[in-house]
>>> print(open('input-v7.tsv').read())   # TSV, C-alpha atoms
chain	number	residue	atom	x	y	z
Y	1	MET	CA	-14.98	6.38	16.79
Y	2	LEU	CA	-12.77	5.28	19.72
Y	3	ARG	CA	-14.36	2.77	22.06
Y	4	GLY	CA	-12.95	2.33	25.57
Y	5	SER	CA	-9.70	3.27	27.25
Y	6	SER	CA	-7.74	0.50	25.55
Y	7	ALA	CA	-8.69	1.81	22.12
Y	8	ALA	CA	-7.72	5.34	23.15
Y	9	LYS	CA	-4.38	4.07	24.48
Y	10	LEU	CA	-3.76	2.24	21.20
Y	11	MET	CA	-4.36	5.37	19.17
Y	12	VAL	CA	-2.04	7.45	21.36
Y	13	LEU	CA	0.73	4.84	21.09
Y	14	LEU	CA	0.29	4.49	17.35
Y	15	PHE	CA	0.31	8.26	16.89
Y	16	LEU	CA	3.51	8.60	18.93
Y	17	ILE	CA	5.19	5.83	16.95
Y	18	LEU	CA	4.23	7.40	13.64
Y	19	LEU	CA	5.45	10.82	14.77
Y	20	SER	CA	8.71	9.40	16.04
Y	21	GLY	CA	9.65	8.36	12.53
Y	22	LEU	CA	9.94	4.66	13.30
Y	23	GLY	CA	9.74	3.25	9.80
Y	24	GLY	CA	10.80	0.42	7.58
Y	25	SER	CA	14.54	0.90	8.04
Y	26	ASN	CA	14.28	0.44	11.80
Y	27	ILE	CA	11.86	-2.46	11.49
Y	28	ALA	CA	14.16	-4.22	9.04
Y	29	ALA	CA	16.93	-3.95	11.65
Y	30	LEU	CA	14.65	-5.55	14.24
Y	31	GLY	CA	14.20	-8.52	11.95
Y	32	ALA	CA	17.78	-8.75	10.76
Y	33	SER	CA	18.45	-11.91	12.80
Y	34	ALA	CA	15.71	-13.78	10.94
Y	35	PRO	CA	16.07	-14.88	7.31
Y	36	ALA	CA	14.19	-12.60	4.91
Y	37	SER	CA	12.29	-15.62	3.61
Y	38	MET	CA	10.70	-16.01	7.07
Y	39	MET	CA	9.47	-12.42	7.25
Y	40	PRO	CA	6.12	-11.20	5.92
Y	41	LEU	CA	6.38	-9.66	2.46
Y	42	ILE	CA	4.74	-6.34	1.55
Y	43	TRP	CA	4.67	-6.02	-2.22
Y	44	VAL	CA	3.21	-4.22	-5.20
Y	45	THR	CA	1.32	-6.32	-7.71
Y	46	PRO	CA	1.60	-6.39	-10.62
Y	47	THR	CA	5.29	-5.67	-10.35
Y	48	LEU	CA	5.17	-3.87	-13.70
Y	49	SER	CA	2.03	-2.32	-15.20
Y	50	ILE	CA	1.84	-1.06	-18.78
Y	51	VAL	CA	-0.70	1.69	-19.51
Y	52	PRO	CA	-1.31	3.84	-22.60
Y	53	ILE	CA	-1.18	7.62	-22.23
Y	54	GLY	CA	-4.51	8.90	-20.90
Y	55	GLU	CA	-5.70	5.52	-19.67
Y	56	GLU	CA	-5.80	3.97	-16.21
Y	57	THR	CA	-4.24	1.08	-14.35
Y	58	CYS	CA	-4.48	-0.16	-10.76
Y	59	VAL	CA	-2.00	-1.85	-8.45
Y	60	ASP	CA	-2.53	-3.68	-5.18
Y	61	ILE	CA	-0.38	-3.36	-2.08
Y	62	ARG	CA	-0.43	-6.85	-0.62
Y	63	VAL	CA	0.92	-8.51	2.48
Y	64	GLN	CA	1.95	-12.15	2.53
Y	65	ASP	CA	2.26	-14.50	5.51
Y	66	VAL	CA	1.81	-11.98	8.33
Y	67	GLU	CA	0.78	-12.89	11.86
Y	68	ASN	CA	-1.43	-10.81	14.17
Y	69	LEU	CA	-1.39	-7.61	12.08
Y	70	PHE	CA	-3.26	-4.80	13.82
Y	71	GLY	CA	-1.91	-1.60	12.26
Y	72	PHE	CA	-0.20	-0.67	9.01
Y	73	GLU	CA	1.26	2.45	7.42
Y	74	THR	CA	3.06	3.12	4.16
Y	75	VAL	CA	3.85	5.93	1.75
Y	76	ILE	CA	3.64	5.11	-1.95
Y	77	GLN	CA	6.01	7.22	-4.04
Y	78	PHE	CA	5.56	7.77	-7.79
Y	79	ASP	CA	6.65	10.15	-10.55
Y	80	PRO	CA	3.87	12.78	-10.76
Y	81	ALA	CA	5.06	13.85	-14.21
Y	82	ARG	CA	4.46	10.35	-15.59
Y	83	VAL	CA	1.36	9.26	-13.67
Y	84	SER	CA	-1.38	10.72	-11.46
Y	85	VAL	CA	-3.12	8.84	-8.67
Y	86	LEU	CA	-6.90	8.71	-9.06
Y	87	ASP	CA	-9.35	9.52	-6.28
Y	88	ALA	CA	-10.99	6.38	-4.88
Y	89	ASP	CA	-13.63	8.30	-2.89
Y	90	THR	CA	-15.01	11.43	-4.53
Y	91	SER	CA	-17.45	11.96	-1.64
Y	92	LYS	CA	-14.53	13.14	0.51
Y	93	SER	CA	-12.29	16.13	0.05
Y	94	GLY	CA	-8.80	15.56	-1.27
Y	95	ILE	CA	-7.49	12.46	-3.03
Y	96	GLN	CA	-7.60	9.02	-1.46
Y	97	ILE	CA	-6.49	5.55	-2.48
Y	98	GLN	CA	-8.66	2.53	-1.66
Y	99	PRO	CA	-8.00	0.73	1.65
Y	100	GLY	CA	-7.97	-3.01	1.06
Y	101	PRO	CA	-10.17	-5.62	2.72
Y	102	PHE	CA	-7.42	-7.39	4.69
Y	103	LEU	CA	-7.58	-5.18	7.80
Y	104	GLN	CA	-11.14	-3.93	7.31
Y	105	PRO	CA	-13.59	-4.87	10.08
Y	106	GLU	CA	-17.30	-5.49	9.57
Y	107	ASP	CA	-18.08	-2.47	11.77
Y	108	PRO	CA	-16.70	0.69	10.05
Y	109	TYR	CA	-16.32	2.34	13.49
Y	110	GLN	CA	-13.74	-0.26	14.55
Y	111	TRP	CA	-10.87	1.00	12.45
Y	112	PHE	CA	-9.08	4.31	12.00
Y	113	VAL	CA	-7.73	5.37	8.63
Y	114	ILE	CA	-5.44	8.21	7.53
Y	115	ASN	CA	-5.60	8.38	3.75
Y	116	ASN	CA	-4.27	11.16	1.54
Y	117	ALA	CA	-2.53	11.37	-1.82
Y	118	ASN	CA	-0.68	14.28	-3.38
Y	119	ASN	CA	-0.19	14.50	-7.13
Y	120	GLY	CA	2.05	17.52	-6.62
Y	121	ASN	CA	4.87	15.68	-4.87
Y	122	GLY	CA	4.03	12.16	-6.05
Y	123	SER	CA	3.03	10.47	-2.81
Y	124	ALA	CA	0.12	8.61	-1.26
Y	125	ARG	CA	0.04	7.94	2.48
Y	126	LEU	CA	-2.17	5.29	4.04
Y	127	ALA	CA	-2.27	4.42	7.75
Y	128	ILE	CA	-4.76	1.92	9.15
Y	129	THR	CA	-5.33	0.57	12.64
Y	130	ARG	CA	-8.03	-1.72	13.90
Y	131	MET	CA	-9.73	-0.90	17.21
Y	132	ALA	CA	-10.03	-2.91	20.42
Y	133	PRO	CA	-11.65	-5.27	21.21
Y	134	LEU	CA	-10.82	-6.53	17.71
Y	135	GLY	CA	-7.81	-8.77	17.36
Y	136	GLY	CA	-5.14	-8.83	14.70
Y	137	VAL	CA	-5.36	-10.48	11.29
Y	138	SER	CA	-3.12	-13.28	10.02
Y	139	GLY	CA	-2.49	-14.61	6.55
Y	140	SER	CA	-2.22	-12.84	3.20
Y	141	GLY	CA	-4.35	-10.21	1.49
Y	142	VAL	CA	-4.76	-6.75	-0.02
Y	143	LEU	CA	-3.87	-3.79	2.20
Y	144	ALA	CA	-4.63	-1.10	-0.40
Y	145	THR	CA	-5.37	-0.48	-4.06
Y	146	ALA	CA	-4.05	2.57	-5.91
Y	147	CYS	CA	-5.19	3.51	-9.41
Y	148	PHE	CA	-3.16	5.73	-11.73
Y	149	ARG	CA	-3.64	7.56	-15.01
Y	150	GLY	CA	-0.78	7.63	-17.50
Y	151	ASN	CA	0.27	11.21	-18.28
Y	152	ILE	CA	3.34	11.16	-20.48
Y	153	ARG	CA	5.55	8.48	-21.93
Y	154	GLY	CA	8.13	6.98	-19.63
Y	155	HIS	CA	8.60	4.85	-16.53
Y	156	SER	CA	7.46	5.62	-12.99
Y	157	LEU	CA	8.40	3.61	-9.96
Y	158	VAL	CA	5.60	2.66	-7.58
Y	159	ASN	CA	7.87	2.67	-4.58
Y	160	LEU	CA	6.94	1.69	-1.03
Y	161	SER	CA	9.00	3.99	1.17
Y	162	LEU	CA	11.21	1.91	3.46
Y	163	SER	CA	11.45	4.73	6.02
Y	164	SER	CA	7.66	5.19	6.15
Y	165	THR	CA	6.37	1.61	6.13
Y	166	LEU	CA	5.27	0.14	9.44
Y	167	MET	CA	3.38	-2.93	10.64
Y	168	LEU	CA	2.24	-3.34	14.26
Y	169	ASP	CA	0.73	-6.26	16.14
Y	170	THR	CA	-1.88	-6.10	18.93
Y	171	ALA	CA	0.84	-5.40	21.51
Y	172	ILE	CA	1.93	-2.35	19.45
Y	173	ALA	CA	5.17	-4.17	18.64
Y	174	ALA	CA	6.80	-3.70	15.25
Y	175	ILE	CA	6.49	-6.64	12.86
Y	176	PRO	CA	9.64	-7.16	10.72
Y	177	TYR	CA	9.03	-7.39	6.99
Y	178	THR	CA	10.57	-7.29	3.55
Y	179	LEU	CA	9.47	-4.94	0.76
Y	180	LYS	CA	9.08	-5.34	-2.98
Y	181	SER	CA	8.13	-2.25	-4.98
Y	182	GLY	CA	6.80	-2.00	-8.53
Y	183	GLY	CA	6.54	0.31	-11.50
Y	184	ILE	CA	4.33	1.64	-14.29
Y	185	LEU	CA	5.38	1.98	-17.92
Y	186	VAL	CA	3.43	4.72	-19.74
Y	187	GLY	CA	3.36	5.02	-23.50
Y	188	PRO	CA	1.86	3.85	-26.76
Y	189	VAL	CA	0.97	0.18	-26.69
Y	190	TYR	CA	1.82	-1.44	-30.01
Y	191	ARG	CA	-0.06	-4.57	-30.97
Y	192	LEU	CA	1.31	-6.87	-33.64
Y	193	ARG	CA	-1.29	-8.24	-36.01
Y	194	ILE	CA	-0.55	-11.85	-36.80
Y	195	PRO	CA	-2.35	-13.35	-39.81
Y	196	ALA	CA	-4.79	-16.11	-38.95
Y	197	THR	CA	-3.29	-18.27	-41.72
Y	198	VAL	CA	0.11	-18.27	-43.34
Y	199	ARG	CA	0.29	-19.27	-47.00
Y	200	GLY	CA	2.07	-22.57	-47.50
Y	201	PHE	CA	1.29	-24.00	-44.04
>>> encode(input="input-v7.tsv", output="structure tokens")
Amino acid sequence: MLRGSSAAKLMVLLFLILLSGLGGSNIAALGASAPASMMPLIWVTPTLSIVPIGEETCVDIRVQDVENLFGFETVIQFDPARVSVLDADTSKSGIQIQPGPFLQPEDPYQWFVINNANNGNGSARLAITRMAPLGGVSGSGVLATACFRGNIRGHSLVNLSLSSTLMLDTAIAAIPYTLKSGGILVGPVYRLRIPATVRGF
């Protein structure tokens, strides 16, 4: 629920920015004068997950060393033939991933979330903004968690779309960042059995 004119203004500005297509490629250009090591990092962890066919694995989308983060959006891209994203909230229609605790306020009415996944085209979109009078959040933490089921043998990227990833501060200014995507390897998991004792040793 929007509270006050400032919150309404924030939502309008965020909506216009998202519609305008201002994404990761433009933000990276804004931060090009600063070394990448000085920018916040948005990354998938673990970088590589290994899951047997028919079983499940989860990955976190984390942010590291960000200052005054107020809004965030990304699109996670994956191979829908290899993996399927699992619904994190079966009480709602559609398929959702799990928003992380980093931006989550104590009052559930003080944030706005757009959350939908599509196993047809292999994408999951998450957009989060906190609401005034809340401030931004600094530091490192989990922005989202996405769980997948392995479908058939092979490798699927878990790619954070550069053109669709956006971080905003409380002034609705873009925060430059760097991205690190991940992947999931689906297939039989072979375990070597090593004898507890070896004769002669």
>>> residues_around(input="input-v7.tsv", residues="Y:Ser84", least_positions_apart="3", cutoff="6 Å", atoms="all atoms listed in the file", output="MDAnalysis selection string")
chainID Y and resid 80 119 148:149
>>> residues_near_point(input="input-v7.tsv", point="(-6.5, 13.3, -5.1)", cutoff="7 Å", atoms="only C-alpha atoms", output="list in words")
Val85, Leu86, Asp87, Gly94, Ile95, Gln96, Ala117, Asn118 and Asn119 of chain Y
>>> closest_residue(input="input-v7.tsv", among="Y:Asp79, Y:Glu55, Y:Glu67, Y:Asp89", to="Y:Gly135", atoms="only C-alpha atoms")
Y:Glu67
>>> atom_distance(input="input-v7.tsv", atom1="atom CA of Y:Arg153", atom2="atom CA of Y:Thr47")
18.3 Å
>>> residues_around(input="input-v7.tsv", residues="Y:Leu179", least_positions_apart="5", cutoff="7 Å", atoms="all atoms listed in the file", output="PyMOL selection string")
chain Y and resi 41-43
>>> atom_distance(input="input-v7.tsv", atom1="atom CA of Y:Asn68", atom2="atom CA of Y:Val137")
4.9 Å
>>> residues_around(input="input-v7.tsv", residues="stretch 100-108 of chain Y", least_positions_apart="6", cutoff="8 Å", atoms="only C-alpha atoms", output="number ranges by chain")
Y: 69-70, 128-130, 137, 140-145
>>> atom_distance(input="input-v7.tsv", atom1="atom CA of Y:Ser181", atom2="atom CA of Y:Leu157")
7.7 Å
>>> axis_aligned_box(input="input-v7.tsv", around="stretch 182-186 of chain Y", padding_each_side="6 Å", output="JSON")
{"center_x": 5.1, "center_y": 1.4, "center_z": -14.1, "size_x": 15.4, "size_y": 18.7, "size_z": 23.2}
>>> closest_residue(input="input-v7.tsv", among="Y:Val59, Y:Ile114, Y:Leu162, Y:Val44", to="Y:Cys147", atoms="only C-alpha atoms")
Y:Val59
>>> closest_residue(input="input-v7.tsv", among="Y:Asp169, Y:Glu56, Y:Asp65, Y:Glu73", to="Y:Gly136", atoms="all atoms listed in the file")
Y:Asp169
>>> closest_residue(input="input-v7.tsv", among="Y:Ser138, Y:Gln98, Y:Gln77, Y:Ser163", to="Y:Pro40", atoms="all atoms listed in the file")
Y:Ser138
>>> residues_around(input="input-v7.tsv", residues="Y:Pro188", least_positions_apart="5", cutoff="12 Å", atoms="all atoms listed in the file", output="number ranges by chain")
Y: 50-55, 150-154
>>> residues_around(input="input-v7.tsv", residues="Y:Thr74", least_positions_apart="2", cutoff="9 Å", atoms="only C-alpha atoms", output="list in words")
Gly23, Gly24, Phe72, Ile76, Ala124, Arg125, Leu126, Ala127, Leu160, Ser161, Leu162, Ser163, Ser164, Thr165, Leu166 and Met167 of chain Y
>>> build_atoms(input="input-v7.tsv", residues="stretch 48-77 of chain Y", atoms="N, CA and C atoms", output="CSV table (one decimal), keeping the file's coordinate frame")
chain,number,residue,atom,x,y,z
Y,48,LEU,N,5.1,-4.9,-12.6
Y,48,LEU,CA,5.2,-3.9,-13.7
Y,48,LEU,C,3.8,-3.8,-14.4
Y,49,SER,N,3.3,-2.6,-14.5
Y,49,SER,CA,2.0,-2.3,-15.2
Y,49,SER,C,2.4,-1.5,-16.5
Y,50,ILE,N,1.7,-1.8,-17.5
Y,50,ILE,CA,1.8,-1.1,-18.8
Y,50,ILE,C,0.5,-0.4,-19.1
Y,51,VAL,N,0.5,0.9,-19.3
Y,51,VAL,CA,-0.7,1.7,-19.5
Y,51,VAL,C,-0.5,2.7,-20.6
Y,52,PRO,N,-1.4,2.8,-21.6
Y,52,PRO,CA,-1.3,3.8,-22.6
Y,52,PRO,C,-1.5,5.2,-22.0
Y,53,ILE,N,-1.0,6.2,-22.7
Y,53,ILE,CA,-1.2,7.6,-22.2
Y,53,ILE,C,-2.7,7.9,-22.2
Y,54,GLY,N,-3.1,8.5,-21.1
Y,54,GLY,CA,-4.5,8.9,-20.9
Y,54,GLY,C,-5.4,7.8,-20.4
Y,55,GLU,N,-4.9,6.6,-20.2
Y,55,GLU,CA,-5.7,5.5,-19.7
Y,55,GLU,C,-5.3,5.2,-18.2
Y,56,GLU,N,-6.0,4.2,-17.6
Y,56,GLU,CA,-5.8,4.0,-16.2
Y,56,GLU,C,-5.3,2.5,-15.9
Y,57,THR,N,-4.6,2.4,-14.8
Y,57,THR,CA,-4.2,1.1,-14.4
Y,57,THR,C,-4.2,1.1,-12.8
Y,58,CYS,N,-4.4,-0.1,-12.2
Y,58,CYS,CA,-4.5,-0.2,-10.8
Y,58,CYS,C,-3.5,-1.2,-10.3
Y,59,VAL,N,-2.9,-0.9,-9.1
Y,59,VAL,CA,-2.0,-1.8,-8.4
Y,59,VAL,C,-2.5,-2.1,-7.0
Y,60,ASP,N,-2.2,-3.3,-6.6
Y,60,ASP,CA,-2.5,-3.7,-5.2
Y,60,ASP,C,-1.3,-3.6,-4.3
Y,61,ILE,N,-1.4,-3.2,-3.1
Y,61,ILE,CA,-0.4,-3.4,-2.1
Y,61,ILE,C,-0.8,-4.5,-1.2
Y,62,ARG,N,0.0,-5.6,-1.3
Y,62,ARG,CA,-0.4,-6.8,-0.6
Y,62,ARG,C,0.6,-7.2,0.5
Y,63,VAL,N,0.1,-8.0,1.5
Y,63,VAL,CA,0.9,-8.5,2.5
Y,63,VAL,C,0.8,-10.0,2.4
Y,64,GLN,N,1.9,-10.7,2.6
Y,64,GLN,CA,2.0,-12.2,2.5
Y,64,GLN,C,2.5,-12.8,3.8
Y,65,ASP,N,1.8,-13.7,4.4
Y,65,ASP,CA,2.3,-14.5,5.5
Y,65,ASP,C,2.6,-13.6,6.7
Y,66,VAL,N,1.6,-12.8,7.1
Y,66,VAL,CA,1.8,-12.0,8.3
Y,66,VAL,C,1.0,-12.6,9.5
Y,67,GLU,N,1.5,-12.4,10.7
Y,67,GLU,CA,0.8,-12.9,11.9
Y,67,GLU,C,0.4,-11.7,12.8
Y,68,ASN,N,-0.9,-11.7,13.2
Y,68,ASN,CA,-1.4,-10.8,14.2
Y,68,ASN,C,-1.2,-9.3,13.8
Y,69,LEU,N,-1.5,-9.0,12.6
Y,69,LEU,CA,-1.4,-7.6,12.1
Y,69,LEU,C,-2.6,-6.8,12.6
Y,70,PHE,N,-2.2,-5.7,13.2
Y,70,PHE,CA,-3.3,-4.8,13.8
Y,70,PHE,C,-3.2,-3.4,13.2
Y,71,GLY,N,-2.0,-2.9,12.8
Y,71,GLY,CA,-1.9,-1.6,12.3
Y,71,GLY,C,-0.9,-1.6,11.1
Y,72,PHE,N,-1.1,-0.7,10.2
Y,72,PHE,CA,-0.2,-0.7,9.0
Y,72,PHE,C,-0.1,0.8,8.5
Y,73,GLU,N,1.1,1.1,8.1
Y,73,GLU,CA,1.3,2.4,7.4
Y,73,GLU,C,2.3,2.3,6.3
Y,74,THR,N,2.1,3.0,5.2
Y,74,THR,CA,3.1,3.1,4.2
Y,74,THR,C,2.9,4.4,3.4
Y,75,VAL,N,3.9,4.8,2.7
Y,75,VAL,CA,3.8,5.9,1.8
Y,75,VAL,C,4.3,5.4,0.4
Y,76,ILE,N,3.4,5.5,-0.6
Y,76,ILE,CA,3.6,5.1,-2.0
Y,76,ILE,C,4.2,6.3,-2.7
Y,77,GLN,N,5.4,6.1,-3.3
Y,77,GLN,CA,6.0,7.2,-4.0
Y,77,GLN,C,6.0,6.9,-5.5
